[in-house]
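I have placed the structure first, in the form of C-alpha cells, so that the comments after it can refer back to it.
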Amino acid sequence: MATTRRRGKRPAEPDAAELLGYYREMLLIRRFEEKAGQLYGMGLIAGFCHLYIGQEAVVSGMMAAADPTDSVVTSYRDHGHMLACGMDPKGVMAELTGRSGGYSRGKGGSMHMFSHEKHFYGGHGIVGAQVPIGTGLGFSHQYRGDGGVCHCYLGDGAINQGQVYESFNMASLWSLPVVYVIENNKYAMGTSVERAAAGTELYRRGAAYNIPGEAVDGMDILAVRDAAFRALGHARGGQGPYILEMKTYRYRGHSMSDPAKYRTKEEVSRMREQHDPIDTLKAKLLANGVVDEAALKEIDREVKAVVTEAAEFAQTSPEPDAAALWADVLVEA
Amino acid sequence: MATEILMPALSPTMTEGKVARWLKREGDAVKAGDVLAEIETDKATMEFEAVDEGHLGRILVAGGTEGVAVNTPIAVLLEEGEDASAAILPKAAPAAPPPAAVVSAAAAPSTVPAAPAAAAIRAEPDYTGETAHMTVREALRDAMAEEMRRDANVFLLGEEVAQYQGAYKVSQGLLEEFGPKRVIDTPITEMGFAGLAVGAAFSGLRPIVEFMTMNFSMQAMDQIINSAAKTLYMSGGQQSCPIVFRGPNGAAARVAAQHSQDYASWFAHVPGIKVLAPYSGADSKGLLKAAIRDPNPVVFLENELLYGQSFDVPVDPEFIVPIGRARIERPGGSVTLVAYSRMVQVALEAADMLAAEGIEAEVINLRTLRPLDIDTIVASVKKTNRIVSVEEGWPYAGIGSEIAAVMMEHAFDWLDAPVARVCGVDVPMPYAANLERLCLPQADKVAEAARQVCYRK
C-alpha cells in the first residue's frame with residue numbers, strides 16, 4: 001500500500017490524491033492498532049503494547065512533509081510511525097506476535113523495530129533516550145551534508161527528562177537539523193501534564209536554547225502538515241532545530257493493561273466524537289466533494305484486507321528458531 | 001459471517017476474569033471502538049471495545065459471570081443483514097483453549113541451545129618492523145589520527161578534546177589536522193553526547209566518544225547499555241552501532257572515591273559490547289585501532305598513570321592488536337598471574353620479586369576483558385596449576401570472580417590450589433595518601449598471594 005511519505009516540495013494545498021492518501025494511511029494505522037489490541041486480547045501479543053489510536057494525524061501529517069532523506073526516531077508508542085514510514089504491516093504485526101517474520105525476527109517486540117531502508121531508527125523503550133539519539137541522527141545529516149532532517153518524536157512525559165535539554169542545547173549550539181515533535185497526549189501513563197510539568201506550554205521548552213517552538217492541533221492532519229513544512233524547512237535550511245508541540249489524545253490506555261482511571265469517560269468520548277482525526281478529514285473530503293461515501297468504503301475495505309493479511313501472517317509466521325537465541329549479540333567482523 | 005467475540009486478555013498476566021457487565025444488548029448495532037462490556041481483571045476493571053462493525057447477535061456469557069477463561073467465546077457479532085439464527089454457534093466450551101502464545105511457550109524446548117563456539121582469534125604476528133619510543137598518550141593519539149586518516153566517518157567528540165587538546169592531552173594535535181568538524185568539543189553533558197554519538201553510529205558514522213574519565217560515563221550508562229549494547233540484538237541484527245567509548249579508568253592519584261574507580265566488571269557484565277583494557281604502548285595503539293575498526297560498541301579503558309609511560313610502539317599503520325587475545329608478558333612455570341591495565345605492571349614487579357625466591361611467575365596481560373581469552377589462561381594454568389588474579393576493582397562480582405569461575409569450569413582438574421584474588425579493598429577510595437596506598441594492590445601483596453598458592457612462606 002502506498003503511503004503519503006516523502007512528498008518533498010510543498011504544494012500550496014494538498015490535492016485530492018494526497019488527501020485520500022492521508023485518509024488511507026491514518027485509517028491503516030487505526031485498523032492496525034485495533035487489530036493489535038484484538039490479538040493482544042487473544043494472547044497472541046504479550047508484554048507491553050502501546051497503541052497509537054487517536055494520535056494518527058501527528059505522524060501522518062509529519063510524513064506528508066518529509067523528504068526521502070529524512071530520518072525518524074521515536075519512543076515505544078511506535079507502530080504508527082513505522083507504518084507511516086512505509087514499513088510493511090506484516091513485518092510489524094509479526095514482530096508484535098514474536099515471530100521470525102517480524103522486523104526484529106521476534107527478538108525486539110512492540111517497542112524495538114528498525115528499518116534502514118525506510119530510515120526508521122526505532123522504537124526505543126527508555127523514556128527520553130531517543131532524544132539524544134535523534135539529535136545524533138541530525139548530527140549525521142549535517143556531517144554528511146545529505147540535506148536530511150531528523151524527525152525526533154517524544155511524549156509529554158519524556159519532555160521532563162534531563163537528556164532532552166542536553167540534546168536541545170547541543171542541537172541549537174551546532175544548528176543541527178532536528179525537528180522535535182512532542183506528542184502531548186495529556187497523560188504520561190497516568191500522570192497528567194498539569195501534575196508533572198511546571199509550565200505546561202511544552203513548545204516553549206526550547207526557549208532558553210533559542211529553539212523556536214509552536215503548539216499545533218495534532219488532531220487535524222492539515223494543521224500538522226502545515227506546521228511540519230514550516231519546521232522541516234527551518235531545519236533543512238540550516239537554521240537549526242525546531243519544536244512542534246502536537247496537542248493530541250490517545251483513546252486507549254497507556255498500555256494494554258491500563259484501566260485509565262485518571263481521566264473521565266466523558267473526556268475520552270468528547271475527543272473521539274468531536275476531534276477524531278480520521279472523522280474530521282473524512283467530513284472534509286465529503287463536504288468538498290473530493291470523494292463519495294462509496295469511494296471511502298472501498299478504501300476501508302482495502303485497508304481492512306491489508307490488516308487482515310498482516311494479522312494472518314503474524315499468526316502463521318513461525319516462532320524464531322531456538323538457535324536465534326545466540327544470534328546477533330555482536331556483528332561478526 | 002458471524003464472528004465469535006472471545007474473552008480478552010487485558011494484561012500480560014491475565015488468565016481469567018469476570019464479565020462484569022454488558023454495555024451493549026443483543027440486537028444493538030456496534031461500531032469499531034464501541035465499548036461492549038466491562039471486564040474485571042485481577043488488577044482493574046477495563047473497558048472491552050469492539051474491533052469490528054456489526055450488531056450483537058447473542059451474548060454467550062452473562063454479565064456478572066466470574067472466572068471466565070481468556071479466549072472463551074462470550075458473544076457473537078453479526079454482519080449487516082445477518083439475523084440471530086446465523087448466530088446459533090456451538091455452546092461455548094467450558095474450558096477454552098489456552099492462548100496460542102502459552103501453547104507455544106509450553107511446547108518450546110526447555111533446554112537452552114549450546115552457545116556457538118567462538119571463532120578462533122589469532123594472535124598478532126611478532127612485529128619486526130620499525131618502532132618508536134613514545135608515551136601511551138602519544139600511542140593513543142596516533143591510533144586515532146591514523147584511523148581518522150583512513151576513514152572519513154571516524155570522528156572524536158568529548159569534553160575538551162579539541163581546543164584544549166584533551167584534558168589529559170591524549171587528543172593533542174588532532175584539531176589542527178582534522179578540523180572542528182571531526183574533533184568536537186562538547187558541553188559537559190555525558191548522557192547527551194553519548195546518546196548523540198549512538199544516534200550517529202546508528203546511521204553509519206564511527207564516533208569515538210572520550211569521557212574525561214570513565215567515572216563520568218556513569219552519567220551515560222543508559223545510552224551505553226540500553227541503546228548501544230542491546231540494539232543489534234533487539235533489531236534482529238539489523239541495527240548495528242559501531243562506536244568506541246574511551247577514557248581513563250581506575251585510580252589516578254589522590255582524587256578520592258568519586259574519581260577513582262575501576263569499571264571493568266560493570267561493562268564486562270554486558271553482552272553486546274566488547275571491553276578492552278590495554279597496558280603497554282603497543283597494546284594501546286593496536287587495540288584502539290582495532291576498536292575503531294570494529295563494527296560493535298567497544299568500551300576502551302585507559303589509565304591515567306600509564307599515559308606518561310613510554311614503550312616501543314610499532315609505527316606501521318596496519319599494526320593491529322586483535323580483540324580477544326591476551327598476551328603473555330613474561331613466561332614462567334610456577335604460577336600464573338593474570339592482570340589488566342596498570343596492574344600488569346604490578347604483576348611484573350611481583351614476578352621479579354618472586355624470581356629472586358625461585359618462583360617463576362607467568363604474567364598474562366588480559367588486554368581484552370570481554371570476550372575473555374580463556375584459552376590462553378587455561379593453557380597457562382595447565383602448566384603452572386596455580387593462578388592469582390590481580391585487579392584494581394573491588395572484589396565483589398569483579399573480574400577476579402569471573403576468572404575464578406572460568407577456572408572452575410575449564411581447569412578444575414588442573415588446579416593444585418584455590419584461585420587467589422588480589423583486588424582493590426572493598427571500600428570507596430580514601431583521599432589520604434597512606435590509606436589510598438593500602439586500598440590498591442601492590443606488588444608485595446601480589447607476591448604474597450603467589451607464595452600462598454605455591455604453598456611457600
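Convention: chains lettered A, B, ... in C-alpha cells order; per-chain residue numbering from 1; ligands numbered from 1 as shown.
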Output the contact residues of chain A with respect to chain B at a cut-off of 7 Å, based on only C-alpha atoms, as a ChimeraX atom specification.
/A:34-35,38,40-44,46-47,104-105,107-108,112-114,132-137,139-140,163,166-167,256-257,259,322-323,326,328-331,333
Which value, in Å to one decimal, gives the distance between CA of Asp426 in chain B and CA of Asn303 in chain B?
20.2 Å
Enumerate as a PyMOL selection string all residues of range 255-376 of chain B assigned to strand (DSSP E or B) by DSSP on the backbone, naming them with the chain letters and numbers the document uses.
chain B and resi 261+274-276+297-302+310-314+327-330+335-339+361-365+368-370
Record the distance separating CA of Tyr203 in chain A and CA of Ala227 in chain A, expressed in Å with one decimal.
12.6 Å
Going by DSSP on the backbone, which bits of range 5-202 of chain A are helix (DSSP H, G or I)? Write them as a PyMOL selection string, please.
chain A and resi 16-41+56-63+79-84+89-96+130-144+158-160+162-173+193-196+202
Distance query range 96-98 of chain A at most 8 Å, only C-alpha atoms, self and fewer than 3 positions along chain excluded, as a PyMOL selection string:
chain A and resi 36+44-46+92-93+102+105-110+314-315+319-320
For the residues in the current selection, export N, CA, C and O atoms as a CSV table (one decimal), in the first residue's frame.
chain,number,residue,atom,x,y,z
A,36,ALA,N,-4.2,-5.1,16.5
A,36,ALA,CA,-3.2,-5.4,17.5
A,36,ALA,C,-3.8,-5.6,18.9
A,36,ALA,O,-3.5,-6.5,19.7
A,44,LEU,N,-2.1,-13.5,21.7
A,44,LEU,CA,-1.1,-13.7,20.7
A,44,LEU,C,0.0,-12.6,20.7
A,44,LEU,O,1.1,-12.8,20.2
A,45,ILE,N,-0.3,-11.5,21.3
A,45,ILE,CA,0.6,-10.4,21.6
A,45,ILE,C,0.8,-10.3,23.1
A,45,ILE,O,-0.2,-10.4,23.8
A,46,ALA,N,2.0,-10.2,23.6
A,46,ALA,CA,2.1,-10.1,25.0
A,46,ALA,C,3.0,-8.9,25.4
A,46,ALA,O,3.4,-8.1,24.6
A,92,VAL,N,5.6,-5.7,10.8
A,92,VAL,CA,5.4,-5.1,12.1
A,92,VAL,C,4.5,-6.0,13.0
A,92,VAL,O,4.8,-6.2,14.2
A,93,MET,N,3.4,-6.5,12.4
A,93,MET,CA,2.5,-7.3,13.2
A,93,MET,C,3.2,-8.6,13.7
A,93,MET,O,3.0,-9.0,14.8
A,102,GLY,N,9.0,-11.1,11.8
A,102,GLY,CA,8.9,-9.8,12.3
A,102,GLY,C,10.1,-9.0,12.0
A,102,GLY,O,11.2,-9.6,11.6
A,105,ARG,N,12.9,-10.1,13.8
A,105,ARG,CA,12.9,-11.5,13.9
A,105,ARG,C,12.4,-12.1,15.2
A,105,ARG,O,12.8,-13.1,15.8
A,106,GLY,N,11.5,-11.3,15.8
A,106,GLY,CA,10.8,-11.7,17.0
A,106,GLY,C,11.6,-11.4,18.3
A,106,GLY,O,11.1,-11.7,19.4
A,107,LYS,N,12.7,-10.7,18.2
A,107,LYS,CA,13.5,-10.5,19.4
A,107,LYS,C,13.4,-9.1,20.0
A,107,LYS,O,14.0,-8.8,21.0
A,108,GLY,N,12.7,-8.2,19.3
A,108,GLY,CA,12.5,-6.9,19.8
A,108,GLY,C,11.2,-6.6,20.4
A,108,GLY,O,11.0,-6.1,21.5
A,109,GLY,N,10.1,-7.0,19.7
A,109,GLY,CA,8.8,-6.8,20.2
A,109,GLY,C,8.3,-5.4,19.8
A,109,GLY,O,8.9,-4.7,19.1
A,110,SER,N,7.1,-5.1,20.4
A,110,SER,CA,6.4,-3.8,20.1
A,110,SER,C,7.3,-2.6,20.1
A,110,SER,O,7.1,-1.7,19.3
A,314,ALA,N,1.1,-12.7,10.8
A,314,ALA,CA,1.7,-12.7,12.2
A,314,ALA,C,1.3,-13.9,13.0
A,314,ALA,O,2.0,-14.2,14.0
A,315,GLN,N,0.3,-14.6,12.6
A,315,GLN,CA,-0.1,-15.9,13.3
A,315,GLN,C,0.5,-17.1,12.7
A,315,GLN,O,0.7,-18.1,13.3
A,319,GLU,N,7.7,-19.2,15.0
A,319,GLU,CA,8.5,-18.6,16.1
A,319,GLU,C,9.9,-18.7,15.7
A,319,GLU,O,10.3,-19.5,14.9
A,320,PRO,N,10.8,-17.8,16.2
A,320,PRO,CA,12.2,-17.9,15.9
A,320,PRO,C,12.8,-19.3,16.3
A,320,PRO,O,12.4,-19.8,17.3
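Excluding range 289-294 of chain A and any residue on its chain fewer than 6 positions from it, the residues at most 10 Å away by only C-alpha atoms are Asp15, Ala16, Ala17, Leu19, Leu20, Lys282, Ala283 and Asp300 of chain A.
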Next, dump the selected residues to file, keeping only all heavy atoms, as a compact mmCIF listing (two decimals), in the first residue's frame.
# COMPACT_ATOMS: atom_id res chain seq x y z
N ASP A 15 -3.52 18.02 -3.01
CA ASP A 15 -4.56 17.71 -3.98
C ASP A 15 -5.37 16.50 -3.51
O ASP A 15 -5.10 15.91 -2.46
CB ASP A 15 -3.96 17.48 -5.37
CG ASP A 15 -2.96 16.34 -5.39
OD1 ASP A 15 -3.06 15.44 -4.52
OD2 ASP A 15 -2.08 16.34 -6.27
N ALA A 16 -6.37 16.14 -4.30
CA ALA A 16 -7.30 15.09 -3.88
C ALA A 16 -6.59 13.77 -3.60
O ALA A 16 -6.86 13.10 -2.60
CB ALA A 16 -8.36 14.90 -4.96
N ALA A 17 -5.63 13.43 -4.47
CA ALA A 17 -4.92 12.17 -4.29
C ALA A 17 -4.16 12.15 -2.97
O ALA A 17 -4.13 11.15 -2.25
CB ALA A 17 -3.97 11.94 -5.46
N LEU A 19 -4.86 13.94 -0.28
CA LEU A 19 -5.81 13.89 0.84
C LEU A 19 -6.30 12.46 1.06
O LEU A 19 -6.39 11.99 2.20
CB LEU A 19 -7.00 14.81 0.56
CG LEU A 19 -6.68 16.31 0.63
CD1 LEU A 19 -7.88 17.12 0.11
CD2 LEU A 19 -6.35 16.74 2.05
N LEU A 20 -6.57 11.78 -0.03
CA LEU A 20 -7.02 10.39 0.10
C LEU A 20 -5.90 9.52 0.67
O LEU A 20 -6.14 8.61 1.45
CB LEU A 20 -7.47 9.84 -1.26
CG LEU A 20 -8.86 10.30 -1.68
CD1 LEU A 20 -9.17 9.76 -3.08
CD2 LEU A 20 -9.91 9.83 -0.69
N LYS A 282 -12.40 12.88 6.98
CA LYS A 282 -13.48 12.26 6.20
C LYS A 282 -14.58 13.28 5.91
O LYS A 282 -15.02 13.42 4.75
CB LYS A 282 -14.03 11.08 7.01
CG LYS A 282 -15.10 10.28 6.31
CD LYS A 282 -15.48 9.12 7.23
CE LYS A 282 -16.59 8.27 6.62
NZ LYS A 282 -16.89 7.12 7.48
N ALA A 283 -14.97 14.01 6.94
CA ALA A 283 -16.03 15.01 6.76
C ALA A 283 -15.59 16.06 5.74
O ALA A 283 -16.38 16.49 4.88
CB ALA A 283 -16.36 15.66 8.10
N ASP A 300 -11.81 1.69 2.98
CA ASP A 300 -11.98 0.91 4.23
C ASP A 300 -11.73 -0.57 3.97
O ASP A 300 -11.04 -1.23 4.73
CB ASP A 300 -13.41 1.06 4.77
CG ASP A 300 -13.65 2.43 5.38
OD1 ASP A 300 -12.76 3.29 5.25
OD2 ASP A 300 -14.72 2.63 5.98
Just want the 9 Å neighbourhood of Arg30 in chain A, counted on only C-alpha atoms, with same-chain residues fewer than 3 positions away dropped. Output as a PDB file with N, CA and C atoms, in the first residue's frame.
ATOM      1  N   GLU A  25      -3.794   6.290   5.043  1.00  0.00           N
ATOM      2  CA  GLU A  25      -2.718   5.978   5.984  1.00  0.00           C
ATOM      3  C   GLU A  25      -3.189   6.035   7.437  1.00  0.00           C
ATOM      4  N   MET A  26      -3.956   7.065   7.766  1.00  0.00           N
ATOM      5  CA  MET A  26      -4.457   7.165   9.146  1.00  0.00           C
ATOM      6  C   MET A  26      -5.379   5.990   9.467  1.00  0.00           C
ATOM      7  N   LEU A  27      -6.182   5.629   8.468  1.00  0.00           N
ATOM      8  CA  LEU A  27      -7.096   4.513   8.677  1.00  0.00           C
ATOM      9  C   LEU A  27      -6.311   3.208   8.848  1.00  0.00           C
ATOM     10  N   GLU A  33      -3.906  -0.904  14.659  1.00  0.00           N
ATOM     11  CA  GLU A  33      -3.829  -0.864  16.126  1.00  0.00           C
ATOM     12  C   GLU A  33      -5.017  -1.578  16.764  1.00  0.00           C
ATOM     13  N   GLU A  34      -6.179  -1.418  16.165  1.00  0.00           N
ATOM     14  CA  GLU A  34      -7.345  -2.141  16.700  1.00  0.00           C
ATOM     15  C   GLU A  34      -7.110  -3.643  16.617  1.00  0.00           C
ATOM     16  N   LYS A  35      -6.542  -4.059  15.493  1.00  0.00           N
ATOM     17  CA  LYS A  35      -6.266  -5.490  15.322  1.00  0.00           C
ATOM     18  C   LYS A  35      -5.212  -5.951  16.331  1.00  0.00           C
ATOM     19  N   TYR A  52      -1.562   3.542  19.296  1.00  0.00           N
ATOM     20  CA  TYR A  52      -1.451   4.923  18.796  1.00  0.00           C
ATOM     21  C   TYR A  52      -2.820   5.505  18.452  1.00  0.00           C
ATOM     22  N   ILE A  53      -3.876   4.744  18.714  1.00  0.00           N
ATOM     23  CA  ILE A  53      -5.216   5.157  18.303  1.00  0.00           C
ATOM     24  C   ILE A  53      -5.566   6.542  18.851  1.00  0.00           C
ATOM     25  N   GLY A  54      -5.937   7.442  17.965  1.00  0.00           N
ATOM     26  CA  GLY A  54      -6.271   8.817  18.337  1.00  0.00           C
ATOM     27  C   GLY A  54      -5.195   9.801  17.897  1.00  0.00           C
ATOM     28  N   GLU A  56      -3.155   9.499  15.197  1.00  0.00           N
ATOM     29  CA  GLU A  56      -2.711   9.206  13.832  1.00  0.00           C
ATOM     30  C   GLU A  56      -2.313  10.438  13.023  1.00  0.00           C
ATOM     31  N   GLY A  80       2.505   3.234  14.692  1.00  0.00           N
ATOM     32  CA  GLY A  80       2.009   4.202  13.716  1.00  0.00           C
ATOM     33  C   GLY A  80       3.144   4.827  12.915  1.00  0.00           C
ATOM     34  N   ILE A 278      -9.500  11.114  11.951  1.00  0.00           N
ATOM     35  CA  ILE A 278      -9.963  10.435  10.732  1.00  0.00           C
ATOM     36  C   ILE A 278     -11.352  10.942  10.340  1.00  0.00           C
TER      37      ILE A 278
END
Between CA of Ile364 in chain B and CA of Asn434 in chain B, measure the distance and give it in Å to one decimal.
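If I compute the distance from CA of Ile364 in chain B to CA of Asn434 in chain B, I get 28.9 Å.
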Contacts of range 397-400 of chain B at 6 Å (only C-alpha atoms; same-chain gap of 5+ positions) as a list in words:
Ser265, Ser389 and Arg421 of chain B
Which neighbours of Ala208 in chain A fall inside 10 Å, counting only C-alpha atoms, when residues of the same chain fewer than 5 positions from it are skipped, and could you give them as number ranges by chain?
A: 165, 168-169
Would you write out those residues with N, CA, C and O atoms, as a PDB file, in the first residue's frame?
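Final output, saved to selection_14.pdb:
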ATOM      1  N   TYR A 165      17.116  18.143  27.482  1.00  0.00           N
ATOM      2  CA  TYR A 165      17.690  19.502  27.481  1.00  0.00           C
ATOM      3  C   TYR A 165      19.157  19.480  27.092  1.00  0.00           C
ATOM      4  O   TYR A 165      19.666  20.425  26.489  1.00  0.00           O
ATOM      5  N   PHE A 168      18.718  19.494  23.398  1.00  0.00           N
ATOM      6  CA  PHE A 168      18.312  20.820  22.887  1.00  0.00           C
ATOM      7  C   PHE A 168      19.537  21.729  22.821  1.00  0.00           C
ATOM      8  O   PHE A 168      19.757  22.450  21.854  1.00  0.00           O
ATOM      9  N   ASN A 169      20.330  21.684  23.883  1.00  0.00           N
ATOM     10  CA  ASN A 169      21.498  22.563  23.964  1.00  0.00           C
ATOM     11  C   ASN A 169      22.467  22.297  22.807  1.00  0.00           C
ATOM     12  O   ASN A 169      22.880  23.217  22.093  1.00  0.00           O
TER      13      ASN A 169
END
Point out the residue among A:Val268, A:Ile159, A:Met82, A:Val224 with the least atom-to-atom distance to Gly61 in chain A, counting only C-alpha atoms.
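Ranked by minimum distance to Gly61 in chain A, first place goes to A:Val224.
Counting only C-alpha atoms and comparing B:Val275, B:Pro317, B:Ile328, B:Val335, the residue that lies closest to Gly358 in chain B is B:Val335.
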